[in-house]
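**Student:** Sharing input-v4.tsv, TSV, N, CA, C and O atoms:
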```
chain	number	residue	atom	x	y	z
L	1359	MET	N	99.79	-69.09	84.14
L	1359	MET	CA	98.64	-69.16	83.29
L	1359	MET	C	99.04	-69.80	81.99
L	1359	MET	O	99.91	-69.34	81.30
L	1360	SER	N	98.40	-70.88	81.67
L	1360	SER	CA	98.69	-71.59	80.44
L	1360	SER	C	97.39	-71.75	79.66
L	1360	SER	O	96.40	-72.23	80.19
L	1361	CYS	N	97.39	-71.31	78.41
L	1361	CYS	CA	96.17	-71.46	77.61
L	1361	CYS	C	96.55	-71.67	76.16
L	1361	CYS	O	97.58	-71.22	75.70
L	1362	ASN	N	95.71	-72.42	75.46
L	1362	ASN	CA	95.94	-72.62	74.05
L	1362	ASN	C	95.05	-71.68	73.25
L	1362	ASN	O	94.28	-70.91	73.81
L	1363	LYS	N	95.14	-71.74	71.93
L	1363	LYS	CA	94.40	-70.81	71.07
L	1363	LYS	C	92.90	-70.88	71.29
L	1363	LYS	O	92.20	-69.90	71.19
L	1364	LYS	N	92.37	-72.08	71.61
L	1364	LYS	CA	90.94	-72.22	71.83
L	1364	LYS	C	90.49	-71.49	73.08
L	1364	LYS	O	89.33	-71.13	73.21
L	1365	ASP	N	91.40	-71.27	74.02
L	1365	ASP	CA	91.07	-70.62	75.29
L	1365	ASP	C	91.32	-69.12	75.27
L	1365	ASP	O	91.24	-68.47	76.29
L	1366	THR	N	91.62	-68.55	74.11
L	1366	THR	CA	91.96	-67.13	74.06
L	1366	THR	C	90.94	-66.34	73.26
L	1366	THR	O	90.18	-66.90	72.47
L	1367	GLU	N	90.94	-65.05	73.50
L	1367	GLU	CA	90.09	-64.13	72.76
L	1367	GLU	C	90.89	-62.87	72.49
L	1367	GLU	O	91.64	-62.41	73.34
L	1368	VAL	N	90.73	-62.31	71.33
L	1368	VAL	CA	91.40	-61.07	70.97
L	1368	VAL	C	90.51	-59.92	71.40
L	1368	VAL	O	89.33	-59.87	71.07
L	1369	ILE	N	91.10	-59.00	72.16
L	1369	ILE	CA	90.40	-57.78	72.58
L	1369	ILE	C	91.21	-56.62	72.03
L	1369	ILE	O	92.36	-56.42	72.41
L	1370	LYS	N	90.61	-55.87	71.14
L	1370	LYS	CA	91.31	-54.74	70.52
L	1370	LYS	C	90.88	-53.45	71.22
L	1370	LYS	O	89.70	-53.17	71.33
L	1371	VAL	N	91.86	-52.71	71.69
L	1371	VAL	CA	91.59	-51.43	72.35
L	1371	VAL	C	92.52	-50.37	71.79
L	1371	VAL	O	93.58	-50.69	71.25
L	1372	GLU	N	92.13	-49.13	71.93
L	1372	GLU	CA	92.98	-48.02	71.55
L	1372	GLU	C	93.41	-47.28	72.80
L	1372	GLU	O	92.58	-46.98	73.66
L	1373	ILE	N	94.70	-47.03	72.92
L	1373	ILE	CA	95.24	-46.29	74.06
L	1373	ILE	C	96.18	-45.22	73.52
L	1373	ILE	O	96.66	-45.33	72.39
L	1374	PRO	N	96.46	-44.20	74.30
L	1374	PRO	CA	97.38	-43.15	73.84
L	1374	PRO	C	98.75	-43.75	73.50
L	1374	PRO	O	99.24	-44.66	74.18
L	1375	LYS	N	99.35	-43.23	72.46
L	1375	LYS	CA	100.64	-43.73	71.98
L	1375	LYS	C	101.71	-43.66	73.08
L	1375	LYS	O	102.49	-44.59	73.25
L	1376	SER	N	101.72	-42.57	73.84
L	1376	SER	CA	102.74	-42.42	74.89
L	1376	SER	C	102.58	-43.51	75.96
L	1376	SER	O	103.56	-44.04	76.47
L	1377	LEU	N	101.34	-43.85	76.29
L	1377	LEU	CA	101.08	-44.90	77.27
L	1377	LEU	C	101.51	-46.27	76.72
L	1377	LEU	O	102.12	-47.07	77.44
L	1378	ALA	N	101.25	-46.50	75.45
L	1378	ALA	CA	101.64	-47.77	74.82
L	1378	ALA	C	103.17	-47.92	74.85
L	1378	ALA	O	103.69	-49.00	75.15
L	1379	GLU	N	103.87	-46.85	74.56
L	1379	GLU	CA	105.33	-46.90	74.56
L	1379	GLU	C	105.87	-47.17	75.96
L	1379	GLU	O	106.78	-47.99	76.14
L	1380	LYS	N	105.29	-46.51	76.97
L	1380	LYS	CA	105.72	-46.74	78.36
L	1380	LYS	C	105.42	-48.17	78.77
L	1380	LYS	O	106.22	-48.82	79.45
L	1381	PHE	N	104.26	-48.68	78.36
L	1381	PHE	CA	103.88	-50.04	78.74
L	1381	PHE	C	104.81	-51.06	78.07
L	1381	PHE	O	105.25	-52.01	78.70
L	1382	ARG	N	105.12	-50.86	76.81
L	1382	ARG	CA	106.05	-51.78	76.12
L	1382	ARG	C	107.42	-51.78	76.80
L	1382	ARG	O	108.05	-52.83	76.95
L	1383	LYS	N	107.88	-50.62	77.23
L	1383	LYS	CA	109.16	-50.53	77.93
L	1383	LYS	C	109.08	-51.29	79.26
L	1383	LYS	O	109.98	-52.06	79.59
L	1384	TYR	N	107.99	-51.09	80.01
L	1384	TYR	CA	107.77	-51.80	81.27
L	1384	TYR	C	107.77	-53.31	81.04
L	1384	TYR	O	108.41	-54.07	81.77
L	1385	VAL	N	107.06	-53.76	80.00
L	1385	VAL	CA	106.97	-55.19	79.70
L	1385	VAL	C	108.34	-55.75	79.36
L	1385	VAL	O	108.72	-56.82	79.83
L	1386	ALA	N	109.10	-55.02	78.55
L	1386	ALA	CA	110.43	-55.49	78.16
L	1386	ALA	C	111.34	-55.62	79.38
L	1386	ALA	O	112.09	-56.60	79.50
L	1387	GLU	N	111.25	-54.67	80.30
L	1387	GLU	CA	112.09	-54.71	81.50
L	1387	GLU	C	111.67	-55.83	82.45
L	1387	GLU	O	112.51	-56.50	83.04
L	1388	LYS	N	110.37	-56.06	82.59
L	1388	LYS	CA	109.89	-57.05	83.54
L	1388	LYS	C	109.83	-58.46	82.97
L	1388	LYS	O	110.16	-59.43	83.64
L	1389	TYR	N	109.40	-58.59	81.70
L	1389	TYR	CA	109.17	-59.91	81.11
L	1389	TYR	C	110.20	-60.31	80.06
L	1389	TYR	O	110.26	-61.47	79.67
L	1390	GLY	N	110.95	-59.36	79.54
L	1390	GLY	CA	111.92	-59.67	78.50
L	1390	GLY	C	111.33	-59.44	77.11
L	1390	GLY	O	110.31	-58.78	76.96
L	1391	PHE	N	111.98	-60.02	76.12
L	1391	PHE	CA	111.61	-59.76	74.72
L	1391	PHE	C	111.04	-60.99	74.02
L	1391	PHE	O	110.99	-61.02	72.80
L	1392	ARG	N	110.61	-61.98	74.76
L	1392	ARG	CA	110.09	-63.20	74.14
L	1392	ARG	C	108.73	-62.97	73.49
L	1392	ARG	O	108.01	-62.05	73.86
L	1393	LYS	N	108.40	-63.83	72.56
L	1393	LYS	CA	107.10	-63.78	71.89
L	1393	LYS	C	105.99	-64.00	72.92
L	1393	LYS	O	106.08	-64.87	73.76
L	1394	GLY	N	104.96	-63.18	72.85
L	1394	GLY	CA	103.81	-63.35	73.71
L	1394	GLY	C	103.86	-62.64	75.05
L	1394	GLY	O	102.93	-62.73	75.84
L	1395	VAL	N	104.95	-61.93	75.34
L	1395	VAL	CA	105.08	-61.30	76.65
L	1395	VAL	C	104.11	-60.13	76.84
L	1395	VAL	O	103.66	-59.87	77.96
L	1396	LEU	N	103.76	-59.45	75.77
L	1396	LEU	CA	102.81	-58.35	75.89
L	1396	LEU	C	101.45	-58.89	76.33
L	1396	LEU	O	100.82	-58.35	77.25
L	1397	SER	N	101.01	-59.98	75.72
L	1397	SER	CA	99.75	-60.62	76.12
L	1397	SER	C	99.83	-61.12	77.55
L	1397	SER	O	98.87	-60.98	78.32
L	1398	LYS	N	100.95	-61.70	77.92
L	1398	LYS	CA	101.13	-62.21	79.29
L	1398	LYS	C	101.06	-61.07	80.30
L	1398	LYS	O	100.41	-61.19	81.33
L	1399	ALA	N	101.70	-59.95	80.00
L	1399	ALA	CA	101.69	-58.81	80.91
L	1399	ALA	C	100.28	-58.24	81.08
L	1399	ALA	O	99.86	-57.96	82.21
L	1400	ILE	N	99.56	-58.11	79.99
L	1400	ILE	CA	98.20	-57.59	80.07
L	1400	ILE	C	97.31	-58.56	80.84
L	1400	ILE	O	96.51	-58.15	81.69
L	1401	THR	N	97.45	-59.86	80.58
L	1401	THR	CA	96.68	-60.87	81.31
L	1401	THR	C	96.98	-60.80	82.80
L	1401	THR	O	96.06	-60.83	83.62
L	1402	ASP	N	98.24	-60.67	83.16
L	1402	ASP	CA	98.62	-60.57	84.58
L	1402	ASP	C	97.98	-59.35	85.24
L	1402	ASP	O	97.47	-59.43	86.36
L	1403	LEU	N	98.02	-58.21	84.54
L	1403	LEU	CA	97.45	-56.98	85.11
L	1403	LEU	C	95.93	-57.08	85.26
L	1403	LEU	O	95.37	-56.64	86.28
L	1404	ILE	N	95.26	-57.67	84.29
L	1404	ILE	CA	93.80	-57.83	84.38
L	1404	ILE	C	93.45	-58.78	85.53
L	1404	ILE	O	92.54	-58.50	86.32
L	1405	GLU	N	94.17	-59.90	85.62
L	1405	GLU	CA	93.92	-60.85	86.72
L	1405	GLU	C	94.13	-60.19	88.07
L	1405	GLU	O	93.34	-60.37	89.00
L	1406	LYS	N	95.20	-59.41	88.20
L	1406	LYS	CA	95.49	-58.72	89.45
L	1406	LYS	C	94.36	-57.75	89.81
L	1406	LYS	O	93.90	-57.69	90.95
L	1407	GLU	N	93.90	-57.00	88.83
L	1407	GLU	CA	92.82	-56.03	89.06
L	1407	GLU	C	91.53	-56.74	89.45
L	1407	GLU	O	90.83	-56.32	90.38
L	1408	LEU	N	91.20	-57.82	88.77
L	1408	LEU	CA	89.97	-58.54	89.09
L	1408	LEU	C	90.03	-59.19	90.47
L	1408	LEU	O	89.03	-59.24	91.17
L	1409	LYS	N	91.21	-59.66	90.87
L	1409	LYS	CA	91.35	-60.23	92.21
L	1409	LYS	C	91.14	-59.15	93.27
L	1409	LYS	O	90.55	-59.41	94.30
L	1410	SER	N	91.60	-57.93	93.00
L	1410	SER	CA	91.42	-56.85	93.97
L	1410	SER	C	89.95	-56.46	94.09
L	1410	SER	O	89.52	-55.95	95.11
L	1411	LEU	N	89.17	-56.70	93.05
L	1411	LEU	CA	87.74	-56.37	93.08
L	1411	LEU	C	86.97	-57.26	94.04
L	1411	LEU	O	85.91	-56.89	94.50
L	1412	ARG	N	87.48	-58.42	94.33
L	1412	ARG	CA	86.80	-59.33	95.24
L	1412	ARG	C	86.62	-58.71	96.62
L	1412	ARG	O	85.73	-59.07	97.37
L	1413	PHE	N	87.50	-57.76	96.94
L	1413	PHE	CA	87.45	-57.12	98.25
L	1413	PHE	C	86.69	-55.79	98.20
L	1413	PHE	O	86.60	-55.10	99.20
L	1414	GLN	N	86.15	-55.44	97.04
L	1414	GLN	CA	85.40	-54.21	96.89
L	1414	GLN	C	83.95	-54.56	96.55
L	1414	GLN	O	83.64	-55.67	96.18
L	1415	SER	N	83.10	-53.59	96.65
L	1415	SER	CA	81.70	-53.78	96.25
L	1415	SER	C	81.63	-53.97	94.75
L	1415	SER	O	82.11	-53.14	93.99
L	1416	SER	N	81.05	-55.06	94.32
L	1416	SER	CA	80.96	-55.32	92.88
L	1416	SER	C	79.85	-54.50	92.24
L	1416	SER	O	79.77	-54.41	91.02
L	1417	SER	N	78.97	-53.90	93.03
L	1417	SER	CA	77.87	-53.14	92.44
L	1417	SER	C	78.39	-51.96	91.62
L	1417	SER	O	77.82	-51.62	90.58
L	1418	THR	N	79.46	-51.33	92.06
L	1418	THR	CA	80.02	-50.20	91.31
L	1418	THR	C	80.51	-50.66	89.95
L	1418	THR	O	80.23	-50.03	88.93
L	1419	ILE	N	81.22	-51.76	89.91
L	1419	ILE	CA	81.73	-52.29	88.65
L	1419	ILE	C	80.56	-52.70	87.76
L	1419	ILE	O	80.56	-52.42	86.56
L	1420	ASP	N	79.56	-53.34	88.34
L	1420	ASP	CA	78.38	-53.75	87.56
L	1420	ASP	C	77.70	-52.54	86.94
L	1420	ASP	O	77.24	-52.59	85.80
L	1421	GLU	N	77.61	-51.44	87.68
L	1421	GLU	CA	76.99	-50.22	87.16
L	1421	GLU	C	77.78	-49.68	85.97
L	1421	GLU	O	77.21	-49.30	84.95
L	1422	ILE	N	79.10	-49.64	86.11
L	1422	ILE	CA	79.94	-49.12	85.04
L	1422	ILE	C	79.85	-50.00	83.81
L	1422	ILE	O	79.67	-49.52	82.69
L	1423	VAL	N	79.95	-51.30	83.99
L	1423	VAL	CA	79.87	-52.22	82.85
L	1423	VAL	C	78.50	-52.13	82.20
L	1423	VAL	O	78.37	-52.10	80.98
L	1424	GLY	N	77.44	-52.05	83.02
L	1424	GLY	CA	76.09	-51.94	82.48
L	1424	GLY	C	75.92	-50.70	81.62
L	1424	GLY	O	75.31	-50.75	80.56
L	1425	LEU	N	76.49	-49.60	82.06
L	1425	LEU	CA	76.41	-48.37	81.27
L	1425	LEU	C	77.16	-48.51	79.95
L	1425	LEU	O	76.75	-47.97	78.94
L	1426	GLY	N	78.24	-49.26	79.98
L	1426	GLY	CA	79.02	-49.47	78.76
L	1426	GLY	C	78.24	-50.19	77.69
L	1426	GLY	O	78.49	-50.03	76.50
L	1427	PHE	N	77.25	-50.98	78.09
L	1427	PHE	CA	76.46	-51.72	77.13
L	1427	PHE	C	75.22	-50.97	76.66
L	1427	PHE	O	74.51	-51.42	75.78
L	1428	GLN	N	74.95	-49.80	77.23
L	1428	GLN	CA	73.78	-49.04	76.79
L	1428	GLN	C	74.00	-48.55	75.38
L	1428	GLN	O	75.03	-47.97	75.05
L	1429	SER	N	73.03	-48.78	74.55
L	1429	SER	CA	73.19	-48.47	73.12
L	1429	SER	C	73.22	-46.98	72.81
L	1429	SER	O	73.72	-46.58	71.78
L	1430	ASP	N	72.68	-46.15	73.69
L	1430	ASP	CA	72.64	-44.72	73.40
L	1430	ASP	C	73.94	-44.00	73.72
L	1430	ASP	O	74.08	-42.82	73.44
L	1431	TYR	N	74.91	-44.70	74.30
L	1431	TYR	CA	76.18	-44.05	74.63
L	1431	TYR	C	77.14	-44.17	73.46
L	1431	TYR	O	77.38	-45.26	72.96
L	1432	LYS	N	77.69	-43.07	73.02
L	1432	LYS	CA	78.66	-43.08	71.93
L	1432	LYS	C	79.98	-42.57	72.47
L	1432	LYS	O	80.08	-41.41	72.89
L	1433	TRP	N	80.98	-43.42	72.44
L	1433	TRP	CA	82.30	-43.04	72.92
L	1433	TRP	C	82.96	-42.18	71.86
L	1433	TRP	O	82.99	-42.51	70.68
L	1434	GLU	N	83.51	-41.03	72.27
L	1434	GLU	CA	84.13	-40.10	71.33
L	1434	GLU	C	85.59	-39.81	71.67
L	1434	GLU	O	86.08	-38.72	71.46
L	1435	GLY	N	86.28	-40.81	72.21
L	1435	GLY	CA	87.70	-40.69	72.46
L	1435	GLY	C	88.08	-40.24	73.85
L	1435	GLY	O	89.25	-40.23	74.20
L	1436	GLU	N	87.11	-39.84	74.66
L	1436	GLU	CA	87.43	-39.42	76.02
L	1436	GLU	C	87.77	-40.66	76.86
L	1436	GLU	O	87.61	-41.78	76.41
L	1437	ASP	N	88.24	-40.43	78.06
L	1437	ASP	CA	88.53	-41.53	78.97
L	1437	ASP	C	87.22	-42.22	79.29
L	1437	ASP	O	86.38	-41.68	80.00
L	1438	LEU	N	87.01	-43.39	78.74
L	1438	LEU	CA	85.73	-44.08	78.84
L	1438	LEU	C	85.35	-44.39	80.28
L	1438	LEU	O	84.21	-44.21	80.68
L	1439	VAL	N	86.31	-44.84	81.08
L	1439	VAL	CA	86.01	-45.17	82.47
L	1439	VAL	C	85.52	-43.94	83.21
L	1439	VAL	O	84.51	-43.98	83.93
L	1440	GLU	N	86.20	-42.82	83.03
L	1440	GLU	CA	85.79	-41.59	83.70
L	1440	GLU	C	84.43	-41.12	83.21
L	1440	GLU	O	83.59	-40.68	83.99
L	1441	ALA	N	84.19	-41.23	81.90
L	1441	ALA	CA	82.90	-40.81	81.36
L	1441	ALA	C	81.77	-41.66	81.93
L	1441	ALA	O	80.71	-41.15	82.29
L	1442	LEU	N	82.00	-42.96	82.02
L	1442	LEU	CA	80.97	-43.84	82.57
L	1442	LEU	C	80.76	-43.62	84.06
L	1442	LEU	O	79.64	-43.68	84.55
L	1443	ARG	N	81.85	-43.34	84.78
L	1443	ARG	CA	81.71	-43.03	86.21
L	1443	ARG	C	80.86	-41.78	86.41
L	1443	ARG	O	79.98	-41.74	87.26
L	1444	ARG	N	81.14	-40.75	85.62
L	1444	ARG	CA	80.36	-39.51	85.73
L	1444	ARG	C	78.89	-39.78	85.40
L	1444	ARG	O	78.00	-39.30	86.07
L	1445	ARG	N	78.66	-40.56	84.38
L	1445	ARG	CA	77.29	-40.85	83.97
L	1445	ARG	C	76.54	-41.64	85.04
L	1445	ARG	O	75.35	-41.48	85.21
L	1446	ALA	N	77.26	-42.50	85.76
L	1446	ALA	CA	76.64	-43.31	86.81
L	1446	ALA	C	76.68	-42.60	88.16
L	1446	ALA	O	76.21	-43.14	89.15
L	1447	ASN	N	77.27	-41.40	88.19
L	1447	ASN	CA	77.42	-40.65	89.45
L	1447	ASN	C	78.18	-41.45	90.48
L	1447	ASN	O	77.84	-41.49	91.66
L	1448	VAL	N	79.25	-42.13	90.02
L	1448	VAL	CA	80.09	-42.93	90.92
L	1448	VAL	C	81.37	-42.13	91.19
L	1448	VAL	O	82.04	-41.70	90.25
L	1449	PRO	N	81.72	-41.92	92.46
L	1449	PRO	CA	82.94	-41.15	92.76
L	1449	PRO	C	84.18	-41.89	92.32
L	1449	PRO	O	84.22	-43.12	92.31
L	1450	ASN	N	85.22	-41.13	91.97
L	1450	ASN	CA	86.50	-41.71	91.61
L	1450	ASN	C	87.19	-42.20	92.86
L	1450	ASN	O	87.33	-41.45	93.83
L	1451	ARG	N	87.64	-43.45	92.89
L	1451	ARG	CA	88.25	-44.04	94.10
L	1451	ARG	C	89.74	-43.80	94.19
L	1451	ARG	O	90.39	-44.30	95.07
L	1452	ARG	N	90.31	-43.07	93.26
L	1452	ARG	CA	91.77	-42.87	93.27
L	1452	ARG	C	92.15	-41.78	94.19
L	1452	ARG	O	91.58	-40.89	94.54
```
What's the structure tokens form of this structure?

**Tutor:**
Amino acid sequence: MSCNKKDTEVIKVEIPKSLAEKFRKYVAEKYGFRKGVLSKAITDLIEKELKSLRFQSSSTIDEIVGLGFQSDYKWEGEDLVEALRRRANVPNRR
């Protein structure tokens, strides 16, 4: 994957500190310590996940994403994916 600044977007998310530390360690072991490897690792994981969705029903994902855009939902630090799944009455596939 090769992209320049015009082809990128910054997505800011908050994750638990312990998960961030584990992820940074994983990235360092797999990708090394070069500049930009954290972005590369996250991009690879997102691409992998989206490719796996091609073999699943997209209606479930559409429902979850649609709920995320509803203005009356206020996220209060809980696991957002789980909260949206419960709200959409979608079973956990794990």

**Student:** Could you jot down the atom O of L:Tyr1384 to atom N of L:Leu1396 separation for me, Å, one decimal place?

**Tutor:**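 Answer for the atom O of L:Tyr1384 to atom N of L:Leu1396 separation: 9.3 Å.
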
**Student:** Please report the interatomic distance between atom O of L:Leu1403 and atom CA of L:Phe1391 in Å with one decimal.

**Tutor:**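 Distance reported for this atom pair: 20.2 Å.
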
**Student:** Could you state the separation of atom CA of L:Ser1397 and atom O of L:Glu1367 in Å, given to one decimal place?

**Tutor:**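 The value is 8.8 Å.
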
**Student:** Please return stretch 1368-1379 of chain L, rebuilt to all heavy atoms, as a compact mmCIF listing (two decimals), in the coordinates of the input.

**Tutor:**
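What ended up in result15.txt:
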```
# COMPACT_ATOMS: atom_id res chain seq x y z
N VAL L 1368 90.73 -62.31 71.33
CA VAL L 1368 91.40 -61.07 70.97
C VAL L 1368 90.51 -59.92 71.40
O VAL L 1368 89.33 -59.87 71.07
CB VAL L 1368 91.66 -61.00 69.45
CG1 VAL L 1368 92.23 -59.63 69.07
CG2 VAL L 1368 92.60 -62.11 69.02
N ILE L 1369 91.10 -59.00 72.16
CA ILE L 1369 90.40 -57.78 72.58
C ILE L 1369 91.21 -56.62 72.03
O ILE L 1369 92.36 -56.42 72.41
CB ILE L 1369 90.30 -57.67 74.11
CG1 ILE L 1369 89.51 -58.85 74.67
CG2 ILE L 1369 89.68 -56.35 74.50
CD1 ILE L 1369 89.48 -58.88 76.19
N LYS L 1370 90.61 -55.87 71.14
CA LYS L 1370 91.31 -54.74 70.52
C LYS L 1370 90.88 -53.45 71.22
O LYS L 1370 89.70 -53.17 71.33
CB LYS L 1370 90.99 -54.66 69.04
CG LYS L 1370 91.74 -53.58 68.32
CD LYS L 1370 91.43 -53.57 66.85
CE LYS L 1370 92.17 -52.43 66.20
NZ LYS L 1370 91.90 -52.36 64.77
N VAL L 1371 91.86 -52.71 71.69
CA VAL L 1371 91.59 -51.43 72.35
C VAL L 1371 92.52 -50.37 71.79
O VAL L 1371 93.58 -50.69 71.25
CB VAL L 1371 91.77 -51.52 73.89
CG1 VAL L 1371 90.80 -52.51 74.50
CG2 VAL L 1371 93.19 -51.89 74.24
N GLU L 1372 92.13 -49.13 71.93
CA GLU L 1372 92.98 -48.02 71.55
C GLU L 1372 93.41 -47.28 72.80
O GLU L 1372 92.58 -46.98 73.66
CB GLU L 1372 92.23 -47.07 70.61
CG GLU L 1372 91.91 -47.70 69.28
CD GLU L 1372 91.17 -46.75 68.35
OE1 GLU L 1372 90.99 -45.56 68.71
OE2 GLU L 1372 90.78 -47.20 67.27
N ILE L 1373 94.70 -47.03 72.92
CA ILE L 1373 95.24 -46.29 74.06
C ILE L 1373 96.18 -45.22 73.52
O ILE L 1373 96.66 -45.33 72.39
CB ILE L 1373 95.97 -47.21 75.07
CG1 ILE L 1373 97.17 -47.91 74.42
CG2 ILE L 1373 95.02 -48.23 75.65
CD1 ILE L 1373 98.03 -48.68 75.41
N PRO L 1374 96.46 -44.20 74.30
CA PRO L 1374 97.38 -43.15 73.84
C PRO L 1374 98.75 -43.75 73.50
O PRO L 1374 99.24 -44.66 74.18
CB PRO L 1374 97.48 -42.21 75.04
CG PRO L 1374 96.23 -42.45 75.82
CD PRO L 1374 95.90 -43.90 75.61
N LYS L 1375 99.35 -43.23 72.46
CA LYS L 1375 100.64 -43.73 71.98
C LYS L 1375 101.71 -43.66 73.08
O LYS L 1375 102.49 -44.59 73.25
CB LYS L 1375 101.08 -42.93 70.76
CG LYS L 1375 102.25 -43.52 70.03
CD LYS L 1375 102.49 -42.77 68.73
CE LYS L 1375 103.40 -43.59 67.85
NZ LYS L 1375 103.52 -43.02 66.52
N SER L 1376 101.72 -42.57 73.84
CA SER L 1376 102.74 -42.42 74.89
C SER L 1376 102.58 -43.51 75.96
O SER L 1376 103.56 -44.04 76.47
CB SER L 1376 102.66 -41.03 75.52
OG SER L 1376 101.39 -40.84 76.12
N LEU L 1377 101.34 -43.85 76.29
CA LEU L 1377 101.08 -44.90 77.27
C LEU L 1377 101.51 -46.27 76.72
O LEU L 1377 102.12 -47.07 77.44
CB LEU L 1377 99.60 -44.92 77.66
CG LEU L 1377 99.20 -45.95 78.69
CD1 LEU L 1377 99.94 -45.74 80.01
CD2 LEU L 1377 97.70 -45.89 78.93
N ALA L 1378 101.25 -46.50 75.45
CA ALA L 1378 101.64 -47.77 74.82
C ALA L 1378 103.17 -47.92 74.85
O ALA L 1378 103.69 -49.00 75.15
CB ALA L 1378 101.13 -47.84 73.40
N GLU L 1379 103.87 -46.85 74.56
CA GLU L 1379 105.33 -46.90 74.56
C GLU L 1379 105.87 -47.17 75.96
O GLU L 1379 106.78 -47.99 76.14
CB GLU L 1379 105.90 -45.58 74.01
CG GLU L 1379 105.66 -45.42 72.52
CD GLU L 1379 105.99 -44.04 72.00
OE1 GLU L 1379 106.34 -43.14 72.81
OE2 GLU L 1379 105.88 -43.85 70.78
```
